[in-house]
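Text of the file start11.txt, holding compact mmCIF, C-alpha atoms and all ligand atoms:
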```
# COMPACT_ATOMS: atom_id res chain seq x y z
CA MET A 1 0.00 0.00 0.00
CA SER A 2 1.47 3.34 -0.94
CA ASP A 3 2.28 5.83 1.78
CA ASN A 4 0.93 8.60 -0.38
CA ARG A 5 -2.50 7.09 -0.64
CA GLU A 6 -2.53 6.50 3.10
CA GLN A 7 -1.53 10.10 3.72
CA THR A 8 -4.19 11.40 1.37
CA ILE A 9 -6.83 9.48 3.28
CA ASP A 10 -5.52 10.77 6.60
CA ARG A 11 -5.48 14.34 5.38
CA LEU A 12 -9.01 14.07 4.08
CA LEU A 13 -10.13 12.57 7.37
CA LEU A 14 -8.46 15.35 9.37
CA GLN A 15 -10.15 17.92 7.17
CA LEU A 16 -13.51 16.28 7.82
CA ILE A 17 -12.78 15.95 11.54
CA LYS A 18 -11.98 19.64 11.67
CA GLU A 19 -15.42 20.26 10.24
CA GLY A 20 -16.99 18.24 13.03
CA ASN A 21 -17.57 14.97 11.18
CA GLN A 22 -17.78 12.14 13.69
CA ALA A 23 -17.76 9.50 10.99
CA ALA A 24 -14.32 10.69 10.02
CA LEU A 25 -13.15 10.49 13.61
CA ALA A 26 -14.32 6.87 13.77
CA SER A 27 -12.41 6.03 10.60
CA PHE A 28 -9.31 7.81 11.81
CA TYR A 29 -9.49 5.91 15.07
CA ASP A 30 -9.93 2.59 13.28
CA ARG A 31 -6.92 3.28 11.12
CA HIS A 32 -4.51 4.24 13.88
CA SER A 33 -5.69 3.21 17.33
CA ARG A 34 -3.60 0.01 17.31
CA LEU A 35 -0.35 1.82 16.65
CA ILE A 36 -1.11 4.69 19.00
CA TYR A 37 -2.28 2.45 21.81
CA SER A 38 0.77 0.20 21.46
CA LEU A 39 3.11 3.16 21.59
CA ILE A 40 1.38 4.61 24.64
CA LEU A 41 1.30 1.26 26.39
CA ARG A 42 5.02 0.93 25.83
CA ILE A 43 5.59 4.31 27.45
CA VAL A 44 3.18 4.19 30.38
CA GLY A 45 3.40 0.42 30.95
CA ARG A 46 -0.10 -0.12 32.33
CA VAL A 47 -3.27 -0.96 30.42
CA PRO A 48 -5.69 1.38 32.27
CA ASP A 49 -3.33 4.34 31.87
CA ALA A 50 -2.67 3.45 28.25
CA GLU A 51 -6.38 3.35 27.49
CA GLU A 52 -7.02 6.67 29.17
CA VAL A 53 -4.19 8.36 27.35
CA THR A 54 -5.28 6.83 24.03
CA GLN A 55 -8.71 8.32 24.50
CA GLU A 56 -7.15 11.65 25.43
CA VAL A 57 -5.13 11.60 22.21
CA PHE A 58 -8.11 11.02 19.95
CA LEU A 59 -10.23 13.57 21.80
CA LYS A 60 -7.43 16.01 21.21
CA VAL A 61 -7.59 15.14 17.52
CA TRP A 62 -11.33 15.76 17.64
CA ARG A 63 -10.95 19.15 19.28
CA SER A 64 -7.88 20.39 17.50
CA ALA A 65 -7.52 18.69 14.13
CA GLY A 66 -7.08 22.23 12.86
CA SER A 67 -3.75 22.56 14.60
CA PHE A 68 -2.21 19.88 12.39
CA ASP A 69 0.56 21.55 10.40
CA SER A 70 0.93 19.62 7.18
CA THR A 71 4.24 21.28 6.33
CA LEU A 72 5.97 19.48 9.18
CA GLY A 73 5.06 15.96 8.22
CA SER A 74 2.34 13.41 7.73
CA PRO A 75 -0.83 13.23 9.84
CA LEU A 76 0.50 10.00 11.30
CA ALA A 77 3.73 11.69 12.38
CA TRP A 78 1.69 14.41 14.05
CA LEU A 79 -0.51 11.83 15.77
CA THR A 80 2.49 9.88 16.99
CA THR A 81 4.07 13.03 18.37
CA VAL A 82 0.89 14.01 20.22
CA ALA A 83 0.58 10.48 21.62
CA ARG A 84 4.20 10.39 22.82
CA ARG A 85 3.88 13.75 24.54
CA LEU A 86 0.65 12.93 26.32
CA ALA A 87 1.96 9.50 27.36
CA ILE A 88 5.16 10.99 28.75
CA ASP A 89 3.13 13.66 30.54
CA ARG A 90 1.15 10.87 32.13
CA THR A 91 4.27 9.18 33.48
CA ARG A 92 5.12 12.45 35.19
CA SER A 93 1.74 13.05 36.76
CA LYS A 94 1.31 12.73 40.50
CA HIS A 95 -1.44 10.18 40.12
CA TYR A 96 0.79 7.98 37.99
CA LYS A 97 3.76 8.24 40.30
CA SER A 98 1.73 7.41 43.37
CA GLU A 99 0.50 4.23 41.75
CA LYS A 100 3.47 3.13 39.80
CA SER A 101 4.07 -0.55 39.87
CA GLU A 102 6.84 -2.82 38.78
CA THR A 103 5.35 -2.96 35.31
CA GLY A 104 5.84 0.79 34.94
CA LEU A 105 8.84 2.85 34.04
CA ASP A 106 10.64 1.85 37.17
CA ALA A 107 11.11 -1.56 35.65
CA LEU A 108 13.47 0.09 33.21
CA GLU A 109 16.57 -0.06 35.31
CA ILE A 110 19.83 0.44 33.60
CA ASP A 111 22.23 -2.30 34.53
CA ASP A 112 25.96 -1.92 34.87
CA GLU A 113 26.68 -2.50 31.22
CA GLY A 114 24.16 0.16 30.29
CA GLY A 115 21.62 -2.39 29.04
CA PHE A 116 18.02 -2.79 30.03
CA GLU A 117 16.35 -5.39 32.12
CA GLY A 118 12.73 -6.00 32.80
CA GLN A 119 10.06 -4.69 30.53
CA VAL A 120 12.15 -3.97 27.50
CA ALA A 121 13.57 -7.44 27.57
CA SER A 122 10.16 -9.05 27.83
CA ASN A 123 8.77 -6.86 25.08
CA ARG A 124 11.46 -8.14 22.84
CA LEU A 125 10.22 -11.64 23.24
CA GLU A 126 6.65 -10.90 22.23
CA SER A 127 5.63 -11.85 18.76
CA ILE A 128 5.22 -9.12 16.24
CA GLY A 129 2.50 -8.84 13.64
CA THR A 130 3.50 -8.13 10.10
CA ALA A 131 6.65 -8.85 8.17
CA GLU A 132 7.35 -5.14 7.92
CA HIS A 133 7.12 -4.80 11.65
CA ARG A 134 9.53 -7.64 12.09
CA VAL A 135 12.07 -5.86 9.93
CA LEU A 136 11.56 -2.64 11.86
CA PHE A 137 11.72 -4.34 15.18
CA SER A 138 14.94 -6.03 14.39
CA ALA A 139 16.24 -2.67 13.21
CA VAL A 140 15.86 -1.24 16.70
CA GLU A 141 17.30 -4.46 18.02
CA ARG A 142 20.31 -4.18 15.83
CA LEU A 143 21.28 -0.78 17.18
CA SER A 144 24.38 -1.01 19.26
CA GLU A 145 23.68 -0.96 22.97
CA GLU A 146 24.72 2.64 23.68
CA TYR A 147 22.54 3.85 20.82
CA ARG A 148 19.57 1.82 21.90
CA LEU A 149 19.93 3.18 25.37
CA ILE A 150 19.81 6.73 24.17
CA VAL A 151 16.77 6.08 21.96
CA GLU A 152 15.16 4.43 24.96
CA LEU A 153 15.76 7.35 27.27
CA SER A 154 14.77 10.07 24.86
CA TYR A 155 12.03 8.56 22.73
CA PHE A 156 10.28 6.24 25.15
CA SER A 157 11.04 7.88 28.48
CA GLY A 158 10.98 11.46 27.26
CA HIS A 159 14.06 12.61 29.12
CA SER A 160 15.68 15.87 28.08
CA HIS A 161 19.21 15.98 26.77
CA SER A 162 20.47 17.37 30.04
CA GLU A 163 18.67 14.72 32.09
CA ILE A 164 20.18 12.00 29.94
CA ALA A 165 23.61 13.58 30.25
CA GLU A 166 23.29 13.59 34.02
CA ARG A 167 22.10 10.02 34.09
CA LEU A 168 24.88 8.76 31.85
CA GLY A 169 27.50 11.02 33.36
CA CYS A 170 28.58 12.58 30.08
CA PRO A 171 28.41 16.07 28.55
CA VAL A 172 25.16 17.25 26.91
CA GLY A 173 27.01 17.62 23.63
CA THR A 174 27.84 13.93 23.68
CA VAL A 175 24.18 13.07 24.18
CA LYS A 176 23.19 15.14 21.15
CA THR A 177 25.86 13.61 18.99
CA ARG A 178 25.05 10.11 20.10
CA LEU A 179 21.33 10.56 19.51
CA ARG A 180 22.04 11.82 16.05
CA GLN A 181 24.33 8.90 15.33
CA ALA A 182 21.78 6.49 16.77
CA LEU A 183 19.07 7.73 14.43
CA GLY A 184 21.51 7.67 11.54
CA GLN A 185 22.25 4.05 12.27
CA LEU A 186 18.57 3.27 12.65
CA ARG A 187 17.81 4.90 9.35
CA SER A 188 20.47 3.00 7.47
CA ILE A 189 19.30 -0.29 8.93
CA LEU A 190 15.78 0.57 7.78
CA MET A 191 16.91 1.42 4.26
CA GLU A 192 18.78 -1.82 4.06
CA GLY A 193 15.64 -3.67 5.17
CA LYS A 194 13.60 -2.05 2.41
CA SER A 195 15.78 -2.91 -0.51
CA MET B 1 22.37 30.10 15.74
CA THR B 2 23.67 28.92 12.44
CA HIS B 3 21.91 26.43 10.21
CA GLU B 4 24.43 23.79 11.25
CA GLN B 5 23.79 24.37 14.93
CA ILE B 6 20.05 24.18 14.37
CA ARG B 7 20.50 21.06 12.34
CA SER B 8 22.16 19.36 15.30
CA LEU B 9 19.10 20.10 17.43
CA LEU B 10 16.47 18.64 15.13
CA GLU B 11 16.56 15.13 16.60
CA GLY B 12 15.94 16.58 20.03
CA TYR B 13 13.22 18.81 18.58
CA VAL B 14 11.31 15.84 17.17
CA PHE B 15 11.74 13.86 20.39
CA GLY B 16 10.85 16.84 22.55
CA SER B 17 14.08 16.63 24.51
CA LEU B 18 15.33 20.19 24.01
CA ASP B 19 15.20 22.86 26.65
CA GLU B 20 12.79 25.73 26.14
CA ASN B 21 15.35 28.12 24.75
CA GLU B 22 16.68 25.64 22.18
CA GLN B 23 13.17 24.82 21.11
CA LYS B 24 12.41 28.50 20.52
CA GLN B 25 15.53 28.87 18.42
CA VAL B 26 14.58 25.91 16.25
CA ASP B 27 11.06 27.27 15.85
CA ALA B 28 12.46 30.63 14.79
CA HIS B 29 14.79 28.99 12.30
CA LEU B 30 11.97 26.92 10.81
CA GLN B 31 9.97 30.12 10.38
CA THR B 32 12.63 31.25 7.94
CA VAL B 33 11.53 28.30 5.81
CA CYS B 34 14.90 26.64 5.66
CA ARG B 35 14.15 23.93 3.14
CA ASP B 36 16.97 21.64 4.27
CA CYS B 37 15.85 21.70 7.86
CA ARG B 38 12.24 21.10 6.95
CA THR B 39 13.12 18.10 4.81
CA GLU B 40 15.31 16.75 7.56
CA LEU B 41 12.55 17.32 10.07
CA GLN B 42 10.02 15.42 7.97
CA ASP B 43 12.45 12.51 7.69
CA LEU B 44 12.90 12.50 11.43
CA TYR B 45 9.16 12.54 12.04
CA GLU B 46 8.75 9.58 9.73
CA LEU B 47 11.56 7.78 11.52
CA SER B 48 9.73 8.46 14.76
CA VAL B 49 6.62 6.78 13.29
CA LYS B 50 8.72 3.79 12.23
CA LEU B 51 10.09 3.50 15.74
CA ALA B 52 6.52 3.34 17.05
CA GLN B 53 5.66 0.75 14.40
CA SER B 54 8.59 -1.35 15.53
CA LEU B 55 6.93 -2.06 18.86
CA PRO B 56 4.87 -5.14 19.62
CA GLN B 57 1.36 -4.16 18.54
CA SER B 58 -1.83 -4.78 20.44
CA ASP B 59 -5.37 -3.45 20.29
CA PRO B 60 -7.12 -1.42 22.97
CA SER B 61 -10.44 -2.78 24.22
CA PRO B 62 -13.49 -2.19 21.97
CA GLN B 63 -15.03 -0.29 24.89
CA LEU B 64 -12.51 2.47 24.29
CA ARG B 65 -13.85 3.15 20.81
CA GLU B 66 -17.39 3.35 22.13
CA ASN B 67 -16.39 5.75 24.89
CA LEU B 68 -14.45 7.94 22.51
CA LEU B 69 -17.28 8.29 20.01
CA ALA B 70 -19.82 8.92 22.75
CA GLN B 71 -17.59 11.63 24.23
CA ALA B 72 -16.95 13.18 20.85
CA ALA B 73 -20.71 13.30 20.24
CA ARG B 74 -21.15 15.14 23.53
CA LYS B 75 -18.43 17.61 22.65
CA SER B 76 -19.79 18.57 19.28
CA VAL B 77 -22.75 20.78 20.07
CA LYS B 78 -21.49 23.28 17.56
CA SER B 79 -21.54 20.75 14.76
CA SER B 80 -24.85 19.06 15.45
CA HIS B 81 -26.53 20.78 12.54
CA ARG B 82 -23.71 20.42 10.10
CA PHE B 83 -24.72 17.36 8.22
CA PRO B 84 -28.39 17.44 7.42
CA ARG B 85 -29.50 14.00 6.40
CA ARG B 86 -31.37 14.81 3.27
CA VAL B 87 -30.75 11.52 1.59
CA TRP B 88 -33.08 11.29 -1.31
CA LEU B 89 -31.99 8.07 -2.94
CA PRO B 90 -33.55 4.93 -1.51
CA THR B 91 -31.15 3.60 1.11
CA SER B 92 -31.56 0.20 2.60
CA VAL B 93 -30.20 -0.48 6.03
CA SER B 94 -26.93 -2.20 5.25
CA ALA B 95 -25.63 -5.13 7.22
CA ALA B 96 -22.83 -2.94 8.52
CA ALA B 97 -25.27 -0.32 9.73
CA ALA B 98 -27.38 -3.00 11.38
CA VAL B 99 -24.36 -4.24 13.29
CA ALA B 100 -23.57 -0.65 14.16
CA LEU B 101 -27.04 -0.10 15.54
CA PHE B 102 -26.74 -3.19 17.66
CA PHE B 103 -23.36 -2.02 18.85
CA TRP B 104 -24.80 1.27 19.96
CA GLY B 105 -27.98 -0.20 21.32
CA PHE B 106 -26.86 0.16 24.91
CA LEU B 107 -26.69 3.93 24.67
CA LEU B 108 -30.16 4.61 25.88
CA HIS B 109 -30.08 8.32 26.26
CA LYS B 110 -31.76 11.11 24.36
CA GLU B 111 -29.03 11.39 21.83
CA ASN B 112 -29.57 7.84 20.74
CA GLN B 113 -31.27 8.71 17.50
CA LYS B 114 -28.59 11.15 16.45
CA LEU B 115 -25.84 8.75 17.36
CA ARG B 116 -27.39 6.05 15.25
CA GLN B 117 -27.55 8.27 12.25
CA ARG B 118 -23.99 9.37 12.72
CA LEU B 119 -22.78 5.87 13.17
CA SER B 120 -24.42 4.63 10.01
CA GLU B 121 -22.75 7.52 8.26
CA ALA B 122 -19.50 6.42 9.86
CA GLU B 123 -19.93 2.93 8.50
CA ASP B 124 -20.59 4.29 5.03
CA VAL B 125 -17.56 6.50 4.97
CA SER B 126 -15.19 3.98 6.48
CA SER B 127 -16.33 1.19 4.19
CA LEU B 128 -15.81 3.53 1.26
CA LEU B 129 -12.37 4.45 2.52
CA ARG B 130 -11.40 0.80 2.86
CA SER B 131 -12.48 -0.14 -0.63
CA PRO B 132 -9.58 -0.57 -3.07
CA GLY B 133 -11.34 1.41 -5.80
CA MET B 134 -11.79 4.44 -3.56
CA GLN B 135 -11.19 7.83 -5.17
CA PHE B 136 -11.46 11.47 -4.19
CA VAL B 137 -12.89 14.24 -6.29
CA ASP B 138 -12.58 17.91 -5.34
CA LEU B 139 -15.42 20.24 -6.19
CA LYS B 140 -14.73 23.90 -6.79
CA GLY B 141 -16.94 26.94 -6.28
CA VAL B 142 -17.97 28.80 -9.42
CA ASP B 143 -17.96 32.62 -9.67
CA PRO B 144 -19.49 34.59 -8.01
CA ASN B 145 -19.17 31.97 -5.22
CA PRO B 146 -15.54 30.86 -5.30
CA GLN B 147 -15.59 30.31 -1.52
CA ALA B 148 -17.79 27.22 -1.93
CA PHE B 149 -16.05 23.85 -2.18
CA GLY B 150 -16.76 20.18 -1.91
CA LYS B 151 -15.24 16.76 -1.62
CA VAL B 152 -16.54 13.52 -3.05
CA VAL B 153 -15.37 10.15 -1.75
CA LEU B 154 -16.37 7.59 -4.32
CA ASP B 155 -16.17 3.94 -5.15
CA ARG B 156 -16.90 3.56 -8.84
CA GLN B 157 -17.03 -0.24 -8.82
CA ARG B 158 -19.79 -0.29 -6.26
CA GLY B 159 -21.43 2.88 -7.53
CA LYS B 160 -21.35 4.52 -4.12
CA ALA B 161 -20.26 7.99 -3.08
CA VAL B 162 -20.49 10.48 -0.26
CA VAL B 163 -20.54 14.15 -1.29
CA TYR B 164 -19.56 16.84 1.21
CA MET B 165 -20.22 20.46 0.31
CA TYR B 166 -19.30 23.58 2.21
CA ARG B 167 -19.88 27.33 2.23
CA LEU B 168 -22.73 27.36 -0.23
CA PRO B 169 -25.05 30.39 0.05
CA GLN B 170 -28.55 29.83 1.46
CA THR B 171 -31.11 29.18 -1.22
CA PRO B 172 -33.93 31.72 -1.66
CA GLN B 173 -37.58 30.77 -1.11
CA GLY B 174 -38.83 28.33 -3.74
CA LYS B 175 -35.35 27.24 -4.80
CA GLN B 176 -33.15 24.25 -4.04
CA TYR B 177 -29.76 23.04 -5.05
CA GLN B 178 -29.59 20.07 -7.40
CA LEU B 179 -26.64 17.74 -7.74
CA TRP B 180 -25.84 16.27 -11.17
CA VAL B 181 -23.59 13.39 -12.09
CA MET B 182 -22.23 13.90 -15.59
CA ARG B 183 -21.36 11.00 -17.89
CA GLU B 184 -20.15 11.79 -21.40
CA GLY B 185 -21.65 15.21 -21.09
CA LYS B 186 -25.03 13.82 -20.08
CA PRO B 187 -26.33 14.94 -16.69
CA THR B 188 -28.23 12.59 -14.38
CA SER B 189 -29.93 14.14 -11.38
CA ALA B 190 -28.63 12.89 -8.06
CA GLY B 191 -31.31 14.77 -6.15
CA VAL B 192 -32.12 18.13 -4.60
CA PHE B 193 -31.03 19.57 -1.26
CA THR B 194 -30.79 22.68 0.88
CA VAL B 195 -27.85 23.59 3.10
CA ALA B 196 -27.43 23.90 6.87
CA PRO B 197 -27.10 27.41 8.39
CA ASP B 198 -23.32 27.25 7.89
CA GLY B 199 -23.72 26.44 4.19
CA SER B 200 -22.80 22.76 4.40
CA ALA B 201 -24.52 19.64 3.17
CA ALA B 202 -23.61 15.96 3.01
CA LEU B 203 -25.24 13.58 0.57
CA LYS B 204 -25.01 9.86 0.09
CA LEU B 205 -25.21 8.42 -3.40
CA ASP B 206 -25.96 4.74 -3.65
CA ARG B 207 -26.37 4.24 -7.37
CA LEU B 208 -23.94 6.22 -9.43
CA PRO B 209 -24.60 5.86 -13.14
CA GLY B 210 -21.89 4.05 -15.16
CA THR B 211 -18.63 2.52 -13.97
CA ASP B 212 -15.91 3.44 -16.45
CA GLY B 213 -13.96 6.65 -16.18
CA LEU B 214 -14.42 9.24 -13.48
CA PRO B 215 -17.81 11.01 -13.62
CA SER B 216 -17.92 14.74 -13.14
CA PHE B 217 -20.17 16.54 -10.73
CA LEU B 218 -22.19 19.70 -10.97
CA VAL B 219 -24.35 21.62 -8.51
CA THR B 220 -26.92 24.10 -9.85
CA ILE B 221 -29.75 26.07 -8.32
CA GLU B 222 -33.19 24.98 -9.53
CA PRO B 223 -36.86 25.46 -8.69
CA GLU B 224 -37.93 23.50 -5.61
CA GLY B 225 -38.24 19.80 -6.42
CA GLY B 226 -35.61 19.96 -9.14
CA GLU B 227 -35.56 19.83 -12.91
CA ALA B 228 -34.99 17.05 -15.45
CA ALA B 229 -31.84 18.78 -16.71
CA PRO B 230 -29.77 21.71 -15.34
CA THR B 231 -31.33 25.09 -16.05
CA GLY B 232 -30.06 27.36 -13.27
CA MET B 233 -26.79 28.95 -12.21
CA MET B 234 -23.78 26.72 -11.46
CA TYR B 235 -22.38 26.65 -7.90
CA LEU B 236 -19.93 23.76 -7.82
CA THR B 237 -18.06 21.75 -10.42
CA GLY B 238 -15.55 18.95 -10.28
CA PRO B 239 -13.20 17.20 -10.57
CA VAL B 240 -10.83 20.11 -10.32
CA PRO B 241 -7.82 19.60 -12.57
CA PRO B 242 -4.66 19.14 -10.45
CA GLU B 243 -2.68 22.34 -9.94
CA LYS B 244 0.73 22.54 -11.54
CA ASN B 245 3.49 23.45 -9.14
ZN ZN A 301 18.34 25.14 8.40
```
Let's see the structure in the file written out as structure tokens.
Ligand SMILES: [Zn+2]
Amino acid sequence: MSDNREQTIDRLLLQLIKEGNQAALASFYDRHSRLIYSLILRIVGRVPDAEEVTQEVFLKVWRSAGSFDSTLGSPLAWLTTVARRLAIDRTRSKHYKSEKSETGLDALEIDDEGGFEGQVASNRLESIGTAEHRVLFSAVERLSEEYRLIVELSYFSGHSHSEIAERLGCPVGTVKTRLRQALGQLRSILMEGKS
Amino acid sequence: MTHEQIRSLLEGYVFGSLDENEQKQVDAHLQTVCRDCRTELQDLYELSVKLAQSLPQSDPSPQLRENLLAQAARKSVKSSHRFPRRVWLPTSVSAAAAVALFFWGFLLHKENQKLRQRLSEAEDVSSLLRSPGMQFVDLKGVDPNPQAFGKVVLDRQRGKAVVYMYRLPQTPQGKQYQLWVMREGKPTSAGVFTVAPDGSAALKLDRLPGTDGLPSFLVTIEPEGGEAAPTGMMYLTGPVPPEKN
């Protein structure tokens, strides 16, 4: 399926959502709730929180589809960004912190070698749907450990550059460079997978 | 900051890991429409989607969808009049709509009726969008009403379409709009309609004439009840030829 066609549909749906069309919201939800929910679940770690945040994301789409800026990327990129931000916000809320369990972010302890134990490891063992996903998943897997760590801390845990620097005991500049290299590596693995 | 310095912040910008000041600087730089940075940014956003896609995928509970749509319905007072259901072609209750009604049966409050209508519309649009032969047609306002526009989602194979129209002027007493589907220059009436207070209308077409080639669409103003062939002023036409960049 071509990305362009998918994007066209998403753009049309957002346009209709902006105009208050609930049918379009239902379609948009059906197209993307799986991805968005899975991403949120990965960040917040608990099903009830993940469901609440997922609903929050799509209500935000409903209320502010007009704030989608098509010059910055695809509707899906926008949706993913909104979902990540709201999920990370949730992990920082008082309510979340007071109830955090071992399945939450705290399970993500960095061990001495800088690797991850707990949830990340178990996620890795779960089966993954489509062939494309398998390629992508192994792409993240194939990142070298220091790169995966930095993607983990910034993308999934939402830490700022300076927080990561503090945590890893290195200069902020190093964090920036390493993140850039990590994404470069990820990108080249993905290109390789496509051809 | 120089372009190079900004460039080194884009990853953090996409991931939201910059401090406030850095973020402002990137925003300011992007305002200058630096093409390189924008392209890079789009790539990074797509990479961010791919990262999300790389996770183990699972579905939220079906209850979540119900809650969301019910909440959205509650939060859309302003749009309750937007899509008048003036469906003139005979529409049978489809199997999908029947399932939808069952699905929504538990919602026993006053809005029930409205929700049902919306949901059957939802089923129509999403089944159209899923069909492999799905196409879009843009409709354009005709002078002196260039502000009017429309969108048609259509499935030629199954002869189905949904037509959305916006910003049409109110029709005077004794007049209605009439939608025409044109095939080889021959117009077939697809029915008459009036618009909501905000100038919008949504129409469902279940039996489009012909299957080969893309039909064109025309909206004219006609005496109430419509005419056998267009006689009045044109308001919308389509498809709009693609703009050359
Ligand atoms: Zn630049």
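Non-sequential neighbours of Leu154 in chain B (distance at most 9 Å, separation of 2 or more positions within a chain, all atoms listed in the file) are Leu128, Leu129, Gly133, Met134, Gln135, Phe136, Val137, Val152, Arg156, Arg158, Gly159, Lys160, Ala161, Val162, Val163 and Leu205 of chain B.
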request  = Could you please extract the residues within 9 Å of ligand ZN 301 (chain A), counting all atoms listed in the file, and hand them back as JSON, numbers by chain?
outcome  = {"B": [2, 3, 4, 5, 6, 7, 26, 29, 30, 32, 33, 34, 35, 36, 37, 38, 40]}
request  = Would you mind reading off the distance between CA of Ser157 in chain A and CA of Ile88 in chain A, one decimal, in Å?
outcome  = 6.7 Å
Contact check, chain B to chain A, at most 6 Å, counting all atoms listed in the file, closest pairs as a Markdown table:
```
| residue | atom | partner | partner_atom | distance |
| --- | --- | --- | --- | --- |
| B:Phe15 | CA | A:Tyr155 | CA | 5.8 |
| B:Ser17 | CA | A:Ser160 | CA | 4.0 |
| B:Leu18 | CA | A:Ser160 | CA | 5.9 |
| B:Gln42 | CA | A:Gly73 | CA | 5.0 |
| B:Tyr45 | CA | A:Ala77 | CA | 5.5 |
| B:Val49 | CA | A:Ala77 | CA | 5.8 |
| B:Ala52 | CA | A:Leu39 | CA | 5.7 |
| B:Ser54 | CA | A:Phe137 | CA | 4.3 |
| B:Pro56 | CA | A:Ile128 | CA | 5.2 |
| B:Gln57 | CA | A:Ser38 | CA | 5.3 |
| B:Ser58 | CA | A:Ser38 | CA | 5.7 |
| B:Asp59 | CA | A:Arg34 | CA | 4.9 |
| B:Ser79 | CA | A:Gly20 | CA | 5.5 |
| B:Ala122 | CA | A:Ala23 | CA | 3.7 |
| B:Ser126 | CA | A:Ser27 | CA | 5.4 |
```
Those residues with C-alpha atoms, as a compact mmCIF listing (two decimals), in the coordinates of the input please?
```txt
# COMPACT_ATOMS: atom_id res chain seq x y z
CA PHE B 15 11.74 13.86 20.39
CA SER B 17 14.08 16.63 24.51
CA LEU B 18 15.33 20.19 24.01
CA GLN B 42 10.02 15.42 7.97
CA TYR B 45 9.16 12.54 12.04
CA VAL B 49 6.62 6.78 13.29
CA ALA B 52 6.52 3.34 17.05
CA SER B 54 8.59 -1.35 15.53
CA PRO B 56 4.87 -5.14 19.62
CA GLN B 57 1.36 -4.16 18.54
CA SER B 58 -1.83 -4.78 20.44
CA ASP B 59 -5.37 -3.45 20.29
CA SER B 79 -21.54 20.75 14.76
CA ALA B 122 -19.50 6.42 9.86
CA SER B 126 -15.19 3.98 6.48
```
message = Ranking B:Leu68, B:Glu222, B:Leu51, B:Leu139 by minimum distance to Glu152 in chain A and counting only C-alpha atoms, which one comes first?
response = B:Leu51
Reconstructed N, CA and C atoms for range 148-159 of chain A, given as a tab-separated table (two decimals), keeping the file's coordinate frame:
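Final file, out19.tsv:
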```
chain	number	residue	atom	x	y	z
A	148	ARG	N	20.90	2.22	21.50
A	148	ARG	CA	19.57	1.82	21.90
A	148	ARG	C	19.19	2.47	23.22
A	149	LEU	N	20.16	2.56	24.07
A	149	LEU	CA	19.93	3.18	25.37
A	149	LEU	C	19.47	4.63	25.21
A	150	ILE	N	20.13	5.32	24.32
A	150	ILE	CA	19.81	6.73	24.17
A	150	ILE	C	18.44	6.93	23.51
A	151	VAL	N	18.10	6.04	22.58
A	151	VAL	CA	16.77	6.08	21.96
A	151	VAL	C	15.72	5.77	23.03
A	152	GLU	N	16.05	4.81	23.86
A	152	GLU	CA	15.16	4.43	24.96
A	152	GLU	C	14.87	5.62	25.89
A	153	LEU	N	15.92	6.26	26.31
A	153	LEU	CA	15.76	7.35	27.27
A	153	LEU	C	15.08	8.57	26.69
A	154	SER	N	15.37	8.86	25.41
A	154	SER	CA	14.77	10.07	24.86
A	154	SER	C	13.41	9.79	24.26
A	155	TYR	N	13.29	8.78	23.43
A	155	TYR	CA	12.03	8.56	22.73
A	155	TYR	C	10.96	7.97	23.64
A	156	PHE	N	11.31	6.93	24.36
A	156	PHE	CA	10.28	6.24	25.15
A	156	PHE	C	10.11	6.80	26.56
A	157	SER	N	11.18	7.35	27.12
A	157	SER	CA	11.04	7.88	28.48
A	157	SER	C	10.94	9.39	28.50
A	158	GLY	N	11.18	10.03	27.36
A	158	GLY	CA	10.98	11.46	27.26
A	158	GLY	C	11.92	12.31	28.09
A	159	HIS	N	13.13	11.80	28.35
A	159	HIS	CA	14.06	12.61	29.12
A	159	HIS	C	14.71	13.67	28.23
```
